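For reference, query.cif is printed below; it contains mmCIF, C-alpha atoms.
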```cif
data_target
#
loop_
_atom_site.label_atom_id
_atom_site.label_comp_id
_atom_site.auth_asym_id
_atom_site.auth_seq_id
_atom_site.Cartn_x
_atom_site.Cartn_y
_atom_site.Cartn_z
CA MET A 257 98.65 131.99 83.17
CA LYS A 258 95.28 133.43 84.04
CA PRO A 259 92.38 134.46 81.85
CA ALA A 260 92.80 137.97 80.46
CA VAL A 261 91.61 140.73 82.75
CA GLY A 262 90.24 143.70 80.84
CA PRO A 263 90.47 144.42 77.14
CA GLY A 264 93.56 144.66 74.96
CA GLN A 265 95.64 141.99 76.67
CA LEU A 266 98.56 140.39 74.87
CA LEU A 267 99.70 136.78 75.01
CA ILE A 268 103.03 135.59 73.63
CA LEU A 269 102.71 132.15 72.05
CA ILE A 270 105.83 130.04 71.53
CA PRO A 271 105.34 126.76 69.67
CA ALA A 272 108.21 124.37 70.37
CA PHE A 273 109.25 120.85 69.52
CA ASN A 274 112.51 119.54 70.94
CA GLU A 275 113.95 123.01 71.52
CA VAL A 276 115.53 122.37 74.91
CA GLY A 277 118.70 124.20 73.88
CA ALA A 278 117.01 127.42 72.83
CA ILE A 279 113.71 127.71 74.65
CA ALA A 280 114.95 129.26 77.92
CA GLY A 281 116.89 131.95 76.04
CA VAL A 282 113.87 132.83 73.92
CA ILE A 283 111.65 133.08 77.03
CA HIS A 284 114.14 135.32 78.84
CA GLU A 285 114.45 137.59 75.79
CA VAL A 286 110.67 137.89 75.54
CA GLN A 287 110.37 138.62 79.28
CA ALA A 288 112.92 141.40 78.90
CA VAL A 289 110.96 143.04 76.07
CA VAL A 290 107.37 142.56 77.31
CA PRO A 291 107.70 141.85 81.04
CA HIS A 292 103.98 141.93 81.79
CA ALA A 293 102.77 139.71 78.95
CA PRO A 294 102.11 136.09 79.85
CA ILE A 295 104.14 133.59 77.83
CA LEU A 296 102.59 130.32 76.71
CA VAL A 297 104.87 127.63 75.30
CA VAL A 298 102.99 125.01 73.30
CA ASP A 299 105.11 121.90 73.65
CA ASP A 300 104.33 119.58 70.77
CA ALA A 301 105.14 116.41 72.74
CA SER A 302 108.88 117.05 72.86
CA THR A 303 111.05 114.18 74.04
CA ASP A 304 114.00 116.27 75.23
CA GLY A 305 112.49 118.02 78.26
CA THR A 306 111.56 121.26 76.49
CA ASP A 307 108.45 121.56 78.70
CA ARG A 308 110.44 121.37 81.95
CA ARG A 309 113.01 123.88 80.70
CA ALA A 310 110.25 126.27 79.62
CA ARG A 311 108.49 126.04 82.98
CA SER A 312 111.71 126.65 84.90
CA ALA A 313 112.34 129.71 82.71
CA GLY A 314 109.03 131.16 83.84
CA ALA A 315 106.62 130.33 81.03
CA ASP A 316 103.33 128.47 81.16
CA VAL A 317 103.35 125.28 79.16
CA LEU A 318 100.52 123.75 77.18
CA ARG A 319 101.79 120.23 76.57
CA LEU A 320 100.13 118.28 73.77
CA PRO A 321 99.53 114.57 74.42
CA TYR A 322 101.24 113.58 71.16
CA HIS A 323 102.96 115.27 68.24
CA LEU A 324 100.43 117.24 66.16
CA GLY A 325 102.78 119.25 63.98
CA LEU A 326 103.28 123.01 63.89
CA GLY A 327 99.75 123.94 62.82
CA GLY A 328 98.06 121.69 65.39
CA GLY A 329 100.23 123.14 68.14
CA VAL A 330 99.72 126.76 67.17
CA GLN A 331 95.96 126.21 66.85
CA ALA A 332 95.86 124.67 70.35
CA GLY A 333 97.55 127.82 71.67
CA TYR A 334 95.10 130.02 69.75
CA LYS A 335 92.16 128.08 71.20
CA LEU A 336 93.41 128.54 74.75
CA ALA A 337 94.13 132.23 74.16
CA PHE A 338 90.64 132.73 72.74
CA GLU A 339 88.97 130.90 75.63
CA PHE A 340 90.99 132.97 78.11
CA GLY A 341 89.81 136.17 76.46
CA TYR A 342 93.10 137.53 75.09
CA GLU A 343 92.80 140.32 72.54
CA TYR A 344 96.17 139.89 70.82
CA VAL A 345 98.46 136.91 70.35
CA ILE A 346 101.98 137.23 68.97
CA ARG A 347 103.71 134.04 67.93
CA VAL A 348 107.46 133.74 68.41
CA ASP A 349 109.22 130.56 67.31
CA GLY A 350 110.98 128.54 69.98
CA ASP A 351 114.19 128.11 68.01
CA GLY A 352 115.39 131.69 68.50
CA GLN A 353 115.07 132.84 64.89
CA HIS A 354 112.63 135.60 65.79
CA ASP A 355 114.08 138.53 67.67
CA PRO A 356 111.61 139.51 70.43
CA LYS A 357 112.71 143.15 70.25
CA TYR A 358 110.27 143.52 67.33
CA ILE A 359 107.27 142.41 69.43
CA PRO A 360 106.30 146.00 70.40
CA ALA A 361 106.32 147.02 66.72
CA LEU A 362 104.01 144.12 65.84
CA LEU A 363 101.69 144.91 68.75
CA ASP A 364 101.57 148.63 67.95
CA THR A 365 100.66 147.85 64.34
CA LEU A 366 97.84 145.56 65.44
CA ARG A 367 96.50 148.19 67.83
CA GLU A 368 96.92 151.28 65.69
CA THR A 369 95.94 150.05 62.23
CA GLY A 370 93.15 147.72 63.33
CA CYS A 371 94.45 145.07 60.95
CA HIS A 372 93.69 141.47 61.83
CA MET A 373 97.14 140.02 61.31
CA VAL A 374 100.62 141.45 61.30
CA ILE A 375 103.64 139.70 59.83
CA GLY A 376 107.21 140.27 60.91
CA SER A 377 108.79 140.56 57.48
CA ARG A 378 112.50 140.12 56.83
CA PHE A 379 112.15 141.75 53.39
CA GLN A 380 109.87 144.69 54.09
CA ASP A 381 112.71 147.21 54.12
CA SER A 382 115.16 144.95 52.30
CA ASN A 383 116.95 144.51 55.60
CA GLY A 384 116.75 140.76 55.07
CA GLY A 385 118.50 138.86 57.72
CA TYR A 386 119.33 135.23 57.54
CA THR A 387 117.56 132.92 55.10
CA ASN A 388 119.00 130.19 52.91
CA ALA A 389 118.93 130.17 49.10
CA VAL A 390 116.31 127.44 48.71
CA ARG A 391 113.97 129.16 51.12
CA ALA A 392 114.57 132.52 49.45
CA MET A 393 113.52 131.01 46.11
CA GLY A 394 110.42 129.52 47.72
CA ILE A 395 109.53 132.88 49.22
CA TRP A 396 109.97 134.57 45.82
CA PHE A 397 107.75 131.93 44.17
CA PHE A 398 104.97 132.29 46.72
CA ARG A 399 105.09 136.07 46.51
CA LEU A 400 104.21 135.73 42.82
CA VAL A 401 101.45 133.19 43.47
CA LEU A 402 99.90 135.15 46.34
CA ARG A 403 99.96 138.60 44.73
CA PRO A 404 96.73 138.16 42.68
CA ILE A 405 95.01 136.11 45.41
CA LEU A 406 95.65 138.56 48.22
CA GLY A 407 95.14 141.63 46.07
CA LYS A 408 98.27 143.23 47.45
CA PRO A 409 101.91 142.23 47.67
CA VAL A 410 103.23 140.27 50.60
CA ARG A 411 106.99 140.38 51.04
CA ASP A 412 107.53 137.54 53.49
CA PRO A 413 104.66 135.04 53.28
CA THR A 414 106.52 132.21 55.05
CA SER A 415 107.32 134.20 58.18
CA GLY A 416 106.07 132.57 61.37
CA PHE A 417 106.66 135.77 63.37
CA VAL A 418 103.03 136.89 63.32
CA GLY A 419 100.54 138.64 65.52
CA VAL A 420 96.77 138.28 65.34
CA ASN A 421 93.85 140.06 66.93
CA ARG A 422 90.80 138.47 68.51
CA GLN A 423 88.77 138.36 65.29
CA ALA A 424 91.49 136.41 63.55
CA LEU A 425 91.82 134.21 66.64
CA ARG A 426 88.16 133.33 66.36
CA VAL A 427 88.65 132.26 62.74
CA PHE A 428 91.76 130.24 63.52
CA THR A 429 90.17 128.35 66.40
CA GLY A 430 87.77 126.89 63.83
CA SER A 431 90.07 126.50 60.85
CA PHE A 432 93.83 126.45 60.81
CA PRO A 433 96.18 124.60 58.44
CA LEU A 434 98.02 121.76 60.12
CA GLU A 435 101.24 121.61 58.13
CA TYR A 436 103.23 124.65 56.98
CA PRO A 437 100.42 126.96 58.16
CA GLU A 438 101.82 130.44 57.46
CA ILE A 439 100.85 130.89 53.81
CA GLU A 440 97.51 129.11 54.01
CA ALA A 441 96.57 131.08 57.13
CA LEU A 442 97.13 134.28 55.16
CA VAL A 443 94.79 133.07 52.43
CA VAL A 444 92.16 131.98 54.96
CA LEU A 445 92.12 135.47 56.47
CA GLN A 446 92.13 137.24 53.11
CA ARG A 447 89.14 135.23 51.88
CA LYS A 448 87.27 136.56 54.91
CA ARG A 449 88.20 140.08 53.83
CA PHE A 450 90.50 140.49 56.81
CA GLN A 451 93.46 142.83 56.55
CA PHE A 452 97.13 142.14 57.15
CA GLN A 453 100.17 144.38 57.49
CA GLU A 454 103.88 143.69 57.36
CA VAL A 455 106.39 145.11 59.80
CA PRO A 456 110.10 145.08 59.03
CA CYS A 457 112.19 142.87 61.26
CA ARG A 458 115.37 140.89 61.14
CA MET A 459 115.55 137.12 61.39
CA ARG A 460 118.41 135.27 63.03
CA ARG A 461 119.86 131.84 62.54
CA ARG A 462 118.17 129.22 64.69
CA GLN A 463 120.12 128.82 67.92
CA THR A 464 119.97 125.02 68.07
CA GLY A 465 118.47 122.10 66.14
CA ARG A 466 117.61 121.93 62.47
CA SER A 467 114.76 123.23 60.35
CA THR A 468 111.97 120.74 59.71
CA ILE A 469 111.98 121.76 56.04
CA THR A 470 114.95 119.96 54.51
CA ALA A 471 116.00 120.27 50.88
CA VAL A 472 114.19 117.01 50.04
CA LYS A 473 111.01 118.22 51.71
CA SER A 474 111.07 121.52 49.84
CA LEU A 475 109.29 120.16 46.77
CA TYR A 476 106.66 118.50 48.91
CA TYR A 477 106.33 121.79 50.80
CA ILE A 478 105.71 123.76 47.60
CA PHE A 479 103.18 121.23 46.30
CA HIS A 480 101.41 120.96 49.66
CA VAL A 481 101.14 124.70 50.19
CA LEU A 482 100.06 125.38 46.60
CA LEU A 483 97.33 122.78 46.94
CA GLY A 484 96.25 124.25 50.28
CA VAL A 485 96.08 127.75 48.79
CA PHE A 486 94.09 126.51 45.81
CA ILE A 487 91.64 124.57 47.99
CA ASN A 488 91.12 127.55 50.29
CA VAL A 489 90.43 129.86 47.35
CA LEU A 490 87.89 127.38 45.94
CA LYS A 491 86.28 126.77 49.33
CA PHE A 492 85.75 130.41 50.13
CA GLU A 493 84.65 131.37 46.61
CA ARG A 494 82.00 128.66 46.73
CA ARG A 495 80.83 129.79 50.15
CA ARG A 496 80.77 133.41 48.99
CA ARG A 497 78.63 132.56 45.97
CA LYS A 498 76.30 130.53 48.16
CA ASP A 499 75.97 133.34 50.70
CA ALA A 500 75.50 136.07 48.10
CA PRO A 501 71.87 137.27 47.73
CA ARG A 502 70.24 136.13 44.53
CA GLU A 503 69.11 138.78 42.06
CA GLU A 504 65.41 137.89 42.34
CA ASP A 505 65.63 138.33 46.15
CA MET B 3 88.49 84.63 29.66
CA GLU B 4 86.89 81.78 31.57
CA ARG B 5 89.95 81.41 33.81
CA LEU B 6 90.00 85.13 34.61
CA LEU B 7 86.31 84.99 35.53
CA ASN B 8 86.89 81.95 37.75
CA VAL B 9 89.80 83.63 39.51
CA THR B 10 87.67 86.74 40.05
CA THR B 11 84.88 84.60 41.50
CA VAL B 12 87.26 82.90 43.93
CA LEU B 13 88.84 86.22 44.96
CA SER B 14 85.40 87.78 45.50
CA ILE B 15 84.30 84.89 47.72
CA LEU B 16 87.58 85.10 49.63
CA LEU B 17 87.08 88.83 50.10
CA VAL B 18 83.53 88.32 51.43
CA ALA B 19 84.76 85.62 53.82
CA MET B 20 87.71 87.70 54.99
CA VAL B 21 85.57 90.79 55.63
CA LEU B 22 82.88 88.82 57.50
CA PHE B 23 85.57 87.09 59.56
CA SER B 24 87.16 90.47 60.40
CA VAL B 25 83.81 91.97 61.38
CA ARG B 26 83.10 88.97 63.60
CA ARG B 27 86.50 89.40 65.30
CA SER B 28 85.86 93.19 65.61
CA HIS B 29 88.86 94.04 63.42
CA ILE B 30 86.61 96.04 61.08
CA ARG B 31 83.56 97.95 62.22
CA VAL B 32 80.31 96.99 60.48
CA GLU B 33 79.90 100.40 58.83
CA TYR B 34 83.31 100.11 57.16
CA SER B 35 82.71 96.55 56.00
CA VAL B 36 79.83 97.65 53.78
CA SER B 37 82.08 99.13 51.06
CA TRP B 38 84.20 96.00 50.88
CA LEU B 39 81.21 93.66 50.86
CA ALA B 40 79.51 95.72 48.15
CA ALA B 41 82.71 95.64 46.08
CA ALA B 42 83.02 91.87 46.51
CA VAL B 43 79.38 91.24 45.58
CA ILE B 44 79.66 93.41 42.44
CA LEU B 45 82.71 91.46 41.31
CA LEU B 46 81.07 88.14 42.13
CA VAL B 47 77.96 88.98 40.10
CA LEU B 48 79.96 90.23 37.13
CA SER B 49 82.26 87.23 37.10
CA ARG B 50 79.27 84.84 37.10
CA SER B 51 77.02 86.72 34.70
CA SER B 52 78.45 86.82 31.17
CA PHE B 53 75.31 88.68 30.04
CA ALA B 54 75.98 91.56 32.46
CA LEU B 55 79.67 91.65 31.63
CA ASN B 56 79.05 91.65 27.86
CA TRP B 57 76.45 94.38 28.24
CA ILE B 58 78.83 96.56 30.25
CA SER B 59 81.72 96.03 27.83
CA ARG B 60 79.42 97.03 24.93
CA GLN B 61 78.35 100.14 26.82
CA LEU B 62 81.97 101.03 27.47
CA GLY B 63 82.89 100.41 23.83
CA LEU B 64 85.32 97.67 24.76
CA ALA B 65 85.58 94.66 22.47
CA ASP B 66 87.09 92.50 25.18
CA PRO B 67 84.83 91.73 28.22
CA PRO B 68 87.82 90.80 30.48
CA LEU B 69 89.14 94.30 29.90
CA ALA B 70 85.81 95.69 31.09
CA LEU B 71 86.03 93.47 34.16
CA LEU B 72 89.53 94.77 35.00
CA LEU B 73 88.37 98.33 34.49
CA LEU B 74 85.41 97.75 36.81
CA VAL B 75 87.63 96.11 39.42
CA PHE B 76 89.88 99.16 39.29
CA CYS B 77 86.94 101.58 39.59
CA VAL B 78 85.33 99.68 42.47
CA PHE B 79 88.53 99.67 44.50
CA VAL B 80 89.29 103.30 43.74
CA ILE B 81 85.85 104.20 45.13
CA VAL B 82 86.42 102.06 48.24
CA ILE B 83 89.86 103.57 48.87
CA TYR B 84 88.53 107.09 48.28
CA ARG B 85 85.77 106.49 50.83
CA LEU B 86 88.34 105.26 53.32
CA SER B 87 90.45 108.38 52.72
CA VAL B 88 87.43 110.52 53.61
CA VAL B 89 86.89 108.49 56.77
CA ILE B 90 90.57 108.72 57.76
CA SER B 91 90.57 112.49 57.20
CA ASP B 92 87.49 112.91 59.39
CA LEU B 93 89.07 110.76 62.06
CA LYS B 94 92.30 112.76 61.93
CA ASP B 95 90.41 116.05 62.34
CA ALA B 96 88.48 114.64 65.28
CA HIS B 97 91.65 113.20 66.78
CA ILE B 98 93.49 116.55 66.59
CA ALA B 99 90.56 118.45 68.08
CA MET B 100 90.38 115.92 70.90
CA ALA B 101 94.13 116.10 71.61
CA GLN B 102 93.96 119.91 71.71
CA ARG B 103 90.94 119.81 74.02
CA LEU B 104 92.67 117.31 76.29
CA ALA B 105 95.79 119.50 76.49
CA ILE B 106 93.70 122.61 77.28
CA LEU B 107 91.69 120.83 79.98
CA GLU B 108 94.89 119.45 81.52
CA PHE B 109 96.37 122.95 81.47
CA GLN B 110 93.30 124.39 83.19
CA LEU B 111 93.36 121.64 85.82
CA GLN B 112 97.03 122.25 86.59
CA ASN B 113 96.49 126.00 86.80
CA ARG B 114 93.33 126.02 88.88
CA PRO B 115 93.60 127.91 92.15
CA ALA B 116 94.83 125.92 95.17
CA ASN B 117 91.54 126.55 97.02
CA PHE B 118 89.43 125.48 94.03
CA ASN B 119 87.81 122.51 95.86
CA GLU B 120 86.95 124.61 98.88
CA GLU B 121 84.98 127.19 96.91
#
```

Would you mind writing the file out in structure tokens?
Amino acid sequence: MKPAVGPGQLLILIPAFNEVGAIAGVIHEVQAVVPHAPILVVDDASTDGTDRRARSAGADVLRLPYHLGLGGGVQAGYKLAFEFGYEYVIRVDGDGQHDPKYIPALLDTLRETGCHMVIGSRFQDSNGGYTNAVRAMGIWFFRLVLRPILGKPVRDPTSGFVGVNRQALRVFTGSFPLEYPEIEALVVLQRKRFQFQEVPCRMRRRQTGRSTITAVKSLYYIFHVLLGVFINVLKFERRRRKDAPREED
Amino acid sequence: MERLLNVTTVLSILLVAMVLFSVRRSHIRVEYSVSWLAAAVILLVLSRSSFALNWISRQLGLADPPLALLLLVFCVFVIVIYRLSVVISDLKDAHIAMAQRLAILEFQLQNRPANFNEE
């Protein structure tokens, strides 16, 4: 992978942890859809040889020295993309749940609307796709919570199939949630008055492995994300009040 | 009451000794020993000064000075643990940033051009 040459360059970012069974397939699918875009796999210290499999499939690999979690890995990829001058980054999960055929739709939306973030949404056109009942309930709950905060509805706030432009990249290199980052990242951008769009897409079942969010972890997930959202709202409101010009000025 | 105060005195002295010993053996850095030493000294003073303890219990509206002592012990250790949580969070942030930087530098080294040293 080389630094971006010229404006408007796209990087595909694939965070992966122990995805040796799926990673090569995901890389080949991405290569088929966007053959000229460099692919960066962020290997979160996998122990099953995911990094070697990704390299042999033709991707560049940013290997973390120890396990940082999803947010830490994605942020590392964002930092490298920003330093290398990329204009757009689209994140595709390494487990095969995201269908790369929607990448051009995400990229076109970023380019044409000028929005800062685009979300591949499995509910935008009610086309759904695979999601389990517990997760569907969580998504419904967070839709309700986020509606007044974001000022507009978001159909699929937990989707990790997202694209960002360079302005959002700059924000995320400085501040990015470490655990369960999708919802908090949306709030971080919204508090900076950045815009997001949703693009309909279809999710698939993961090809191998298991989700990190088990039924037991679901409650912790809800509590953690709610707290993160609340803290972000408070943080940015405080900063906004501090930055606002005083009346006597 | 007297027994509780004596036990608190002994525990405070033990805490001071343990912290100083750990600092000497470099198990705790000096800057992180300050909270523990301050906590131990506060408890030591309160357990040996019935005037101070009675005054605090009156201020807190507690009829029983030992109850005030337990409440103070609780508060002191909550403050120490809170401070440590702040320190751990800062360390974790720094640790993550360092790991990311290390990974990026390693990536750049591995991907530098073959003739990099000749240029």

Review point. Skipping near chain neighbours, those fewer than 4 positions away, what residues fall within 7 Å of stretch 38-52 of chain B using all atoms listed in the file, listed as a list in words?
Key: Leu7, Thr10, Thr11, Ser14, Leu17, Val18, Asn56, Val78 and Val82 of chain B

Review point. What residues come out when you apply the PyMOL selection byres ((chain A and resi 345-362) around 6) to this file, written as a list in words?
Key: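 Expected selection for the PyMOL selection byres ((chain A and resi 345-362) around 6) here is Leu266, Leu267, Ile268, Leu269, Ile270, Pro271, Ala272, Ala278, Ile279, Val282, Val286, Tyr344, Leu363, Asp364, Thr365, Phe417, Val418, Gly419, Val420, Met459, Arg460, Arg461, Arg462 and Gln463 of chain A.
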
Exercise for review: Please identify every residue of chain A that has at least one atom no more than 12 Å from any atom of chain B, counting only C-alpha atoms, and report them as a PyMOL selection string.
Suggested key: chain A and resi 257-259+296-301+316-325+327-340+429-434

Review point. Closest to A:Leu402 among A:Val481, A:Ser302, A:Lys491, A:Leu475, using all atoms listed in the file?
Key: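 Using all atoms listed in the file, A:Leu402 sits closest to A:Val481.
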
Review point. What is the atom CA of A:Tyr476-atom CA of B:Leu93 distance in Å, reported with one decimal?
Key: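 Answer for the atom CA of A:Tyr476 to atom CA of B:Leu93 separation: 23.3 Å.
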
Exercise for review: Choose the residue, out of B:Ala54, B:Tyr34, B:Glu4, B:Leu71, that has the smallest atom-to-atom separation from B:Ile83; count only C-alpha atoms.
Suggested key: B:Tyr34

Practice item. Neighbourhood query: residues within 7 Å of (92.7, 136.6, 66.7), file coordinates, counting only C-alpha atoms; return as a ChimeraX atom specification. Key: /A:343-345,372,420-426

Using the selection just defined, write its residues with C-alpha atoms as a short mmCIF file (atom, residue, chain, number, x, y, z; two decimals), in the frame of the given file.
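Wrote part_23.cif, looks like this:
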```
data_model
loop_
_atom_site.label_atom_id
_atom_site.label_comp_id
_atom_site.auth_asym_id
_atom_site.auth_seq_id
_atom_site.Cartn_x
_atom_site.Cartn_y
_atom_site.Cartn_z
CA GLU A 343 92.80 140.32 72.54
CA TYR A 344 96.17 139.89 70.82
CA VAL A 345 98.46 136.91 70.35
CA HIS A 372 93.69 141.47 61.83
CA VAL A 420 96.77 138.28 65.34
CA ASN A 421 93.85 140.06 66.93
CA ARG A 422 90.80 138.47 68.51
CA GLN A 423 88.77 138.36 65.29
CA ALA A 424 91.49 136.41 63.55
CA LEU A 425 91.82 134.21 66.64
CA ARG A 426 88.16 133.33 66.36
#
```

So which residues touch A:Asn488 within 8 Å, counting only C-alpha atoms, skipping near sequence neighbours fewer than 4 positions away, as a CSV table (one decimal) with C-alpha atoms, in the frame of the given file?
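The file below, selection-v4.csv, is the result:
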```
chain,number,residue,atom,x,y,z
A,440,GLU,CA,97.5,129.1,54.0
A,443,VAL,CA,94.8,133.1,52.4
A,444,VAL,CA,92.2,132.0,55.0
A,484,GLY,CA,96.2,124.2,50.3
A,492,PHE,CA,85.8,130.4,50.1
```

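The space separating atom CA of A:Ala441 from atom CA of A:Met373 comes to 9.9 Å.
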
Exercise for review: Apply the PyMOL selection byres ((chain A and resi 482) around 12) to the displayed file and report the matching residues as a PyMOL selection string.
Suggested key: chain A and resi 394+397-402+405+436-437+439-440+443+475-481+483-489

Exercise for review: Step by step: start from the point (104.2, 141.3, 48.2) in the file's coordinates, keep every protein, DNA or RNA residue that has an atom no farther than 12 Å from it, count all atoms listed in the file, and write the set as a list in words.
Suggested key: Ile375, Ser377, Phe379, Gln380, Asp381, Ile395, Trp396, Phe397, Phe398, Arg399, Leu400, Val401, Leu402, Arg403, Pro404, Ile405, Leu406, Gly407, Lys408, Pro409, Val410, Arg411, Asp412, Pro413, Thr414, Phe452, Gln453 and Glu454 of chain A

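Going from atom CA of A:Arg391 to atom CA of A:Arg378 covers 12.4 Å.
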
Centre, x/y/z edge lengths, axis-aligned box for stretch 25-38 of chain B with 6 Å per side, as AutoDock Vina command-line options:
```
--center_x 84.3 --center_y 94.7 --center_z 58.2 --size_x 21.0 --size_y 23.4 --size_z 26.7
```

Check your understanding: Of the candidates A:Asp304, A:Cys457, A:Cys371, A:Ala310, which shows the shortest atom-to-atom distance to A:Leu445, using all atoms listed in the file?
Key -> A:Cys371

Would you fill out stretch 420-441 of chain A with N, CA and C atoms and return it as an mmCIF file, in the coordinates of the input?
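Below is the file that was written, rebuild_11.cif:
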```cif
data_model
loop_
_atom_site.group_PDB
_atom_site.id
_atom_site.type_symbol
_atom_site.label_atom_id
_atom_site.label_comp_id
_atom_site.auth_asym_id
_atom_site.auth_seq_id
_atom_site.Cartn_x
_atom_site.Cartn_y
_atom_site.Cartn_z
ATOM 1 N N VAL A 420 98.169 138.274 65.791
ATOM 2 C CA VAL A 420 96.770 138.280 65.340
ATOM 3 C C VAL A 420 95.899 138.948 66.404
ATOM 4 N N ASN A 421 94.790 139.504 65.954
ATOM 5 C CA ASN A 421 93.850 140.060 66.930
ATOM 6 C C ASN A 421 92.752 139.038 67.225
ATOM 7 N N ARG A 422 91.790 139.432 68.026
ATOM 8 C CA ARG A 422 90.800 138.470 68.510
ATOM 9 C C ARG A 422 89.881 137.951 67.385
ATOM 10 N N GLN A 423 89.614 138.824 66.398
ATOM 11 C CA GLN A 423 88.770 138.360 65.290
ATOM 12 C C GLN A 423 89.459 137.261 64.486
ATOM 13 N N ALA A 424 90.739 137.456 64.252
ATOM 14 C CA ALA A 424 91.490 136.410 63.550
ATOM 15 C C ALA A 424 91.607 135.152 64.415
ATOM 16 N N LEU A 425 91.767 135.363 65.722
ATOM 17 C CA LEU A 425 91.820 134.210 66.640
ATOM 18 C C LEU A 425 90.568 133.366 66.516
ATOM 19 N N ARG A 426 89.439 134.047 66.456
ATOM 20 C CA ARG A 426 88.160 133.330 66.360
ATOM 21 C C ARG A 426 88.133 132.459 65.100
ATOM 22 N N VAL A 427 88.615 133.020 63.994
ATOM 23 C CA VAL A 427 88.650 132.260 62.740
ATOM 24 C C VAL A 427 89.594 131.065 62.877
ATOM 25 N N PHE A 428 90.760 131.307 63.450
ATOM 26 C CA PHE A 428 91.760 130.240 63.520
ATOM 27 C C PHE A 428 91.400 129.132 64.505
ATOM 28 N N THR A 429 90.572 129.436 65.494
ATOM 29 C CA THR A 429 90.170 128.350 66.400
ATOM 30 C C THR A 429 89.296 127.341 65.651
ATOM 31 N N GLY A 430 88.608 127.809 64.606
ATOM 32 C CA GLY A 430 87.770 126.890 63.830
ATOM 33 C C GLY A 430 88.489 126.269 62.657
ATOM 34 N N SER A 431 89.410 126.997 62.061
ATOM 35 C CA SER A 431 90.070 126.500 60.850
ATOM 36 C C SER A 431 91.509 126.986 60.813
ATOM 37 N N PHE A 432 92.425 126.056 60.880
ATOM 38 C CA PHE A 432 93.830 126.450 60.810
ATOM 39 C C PHE A 432 94.610 125.311 60.140
ATOM 40 N N PRO A 433 95.447 125.654 59.151
ATOM 41 C CA PRO A 433 96.180 124.600 58.440
ATOM 42 C C PRO A 433 97.118 123.857 59.391
ATOM 43 N N LEU A 434 97.225 122.556 59.178
ATOM 44 C CA LEU A 434 98.020 121.760 60.120
ATOM 45 C C LEU A 434 99.503 121.729 59.790
ATOM 46 N N GLU A 435 99.819 121.649 58.501
ATOM 47 C CA GLU A 435 101.240 121.610 58.130
ATOM 48 C C GLU A 435 101.584 122.900 57.402
ATOM 49 N N TYR A 436 102.755 123.431 57.650
ATOM 50 C CA TYR A 436 103.230 124.650 56.980
ATOM 51 C C TYR A 436 102.114 125.710 56.953
ATOM 52 N N PRO A 437 101.669 126.171 58.111
ATOM 53 C CA PRO A 437 100.420 126.960 58.160
ATOM 54 C C PRO A 437 100.515 128.410 57.706
ATOM 55 N N GLU A 438 101.719 128.980 57.616
ATOM 56 C CA GLU A 438 101.820 130.440 57.460
ATOM 57 C C GLU A 438 101.096 130.964 56.220
ATOM 58 N N ILE A 439 101.403 130.368 55.063
ATOM 59 C CA ILE A 439 100.850 130.890 53.810
ATOM 60 C C ILE A 439 99.348 130.646 53.730
ATOM 61 N N GLU A 440 98.942 129.435 54.077
ATOM 62 C CA GLU A 440 97.510 129.110 54.010
ATOM 63 C C GLU A 440 96.705 129.988 54.968
ATOM 64 N N ALA A 441 97.281 130.254 56.143
ATOM 65 C CA ALA A 441 96.570 131.080 57.130
ATOM 66 C C ALA A 441 96.310 132.472 56.543
#
```
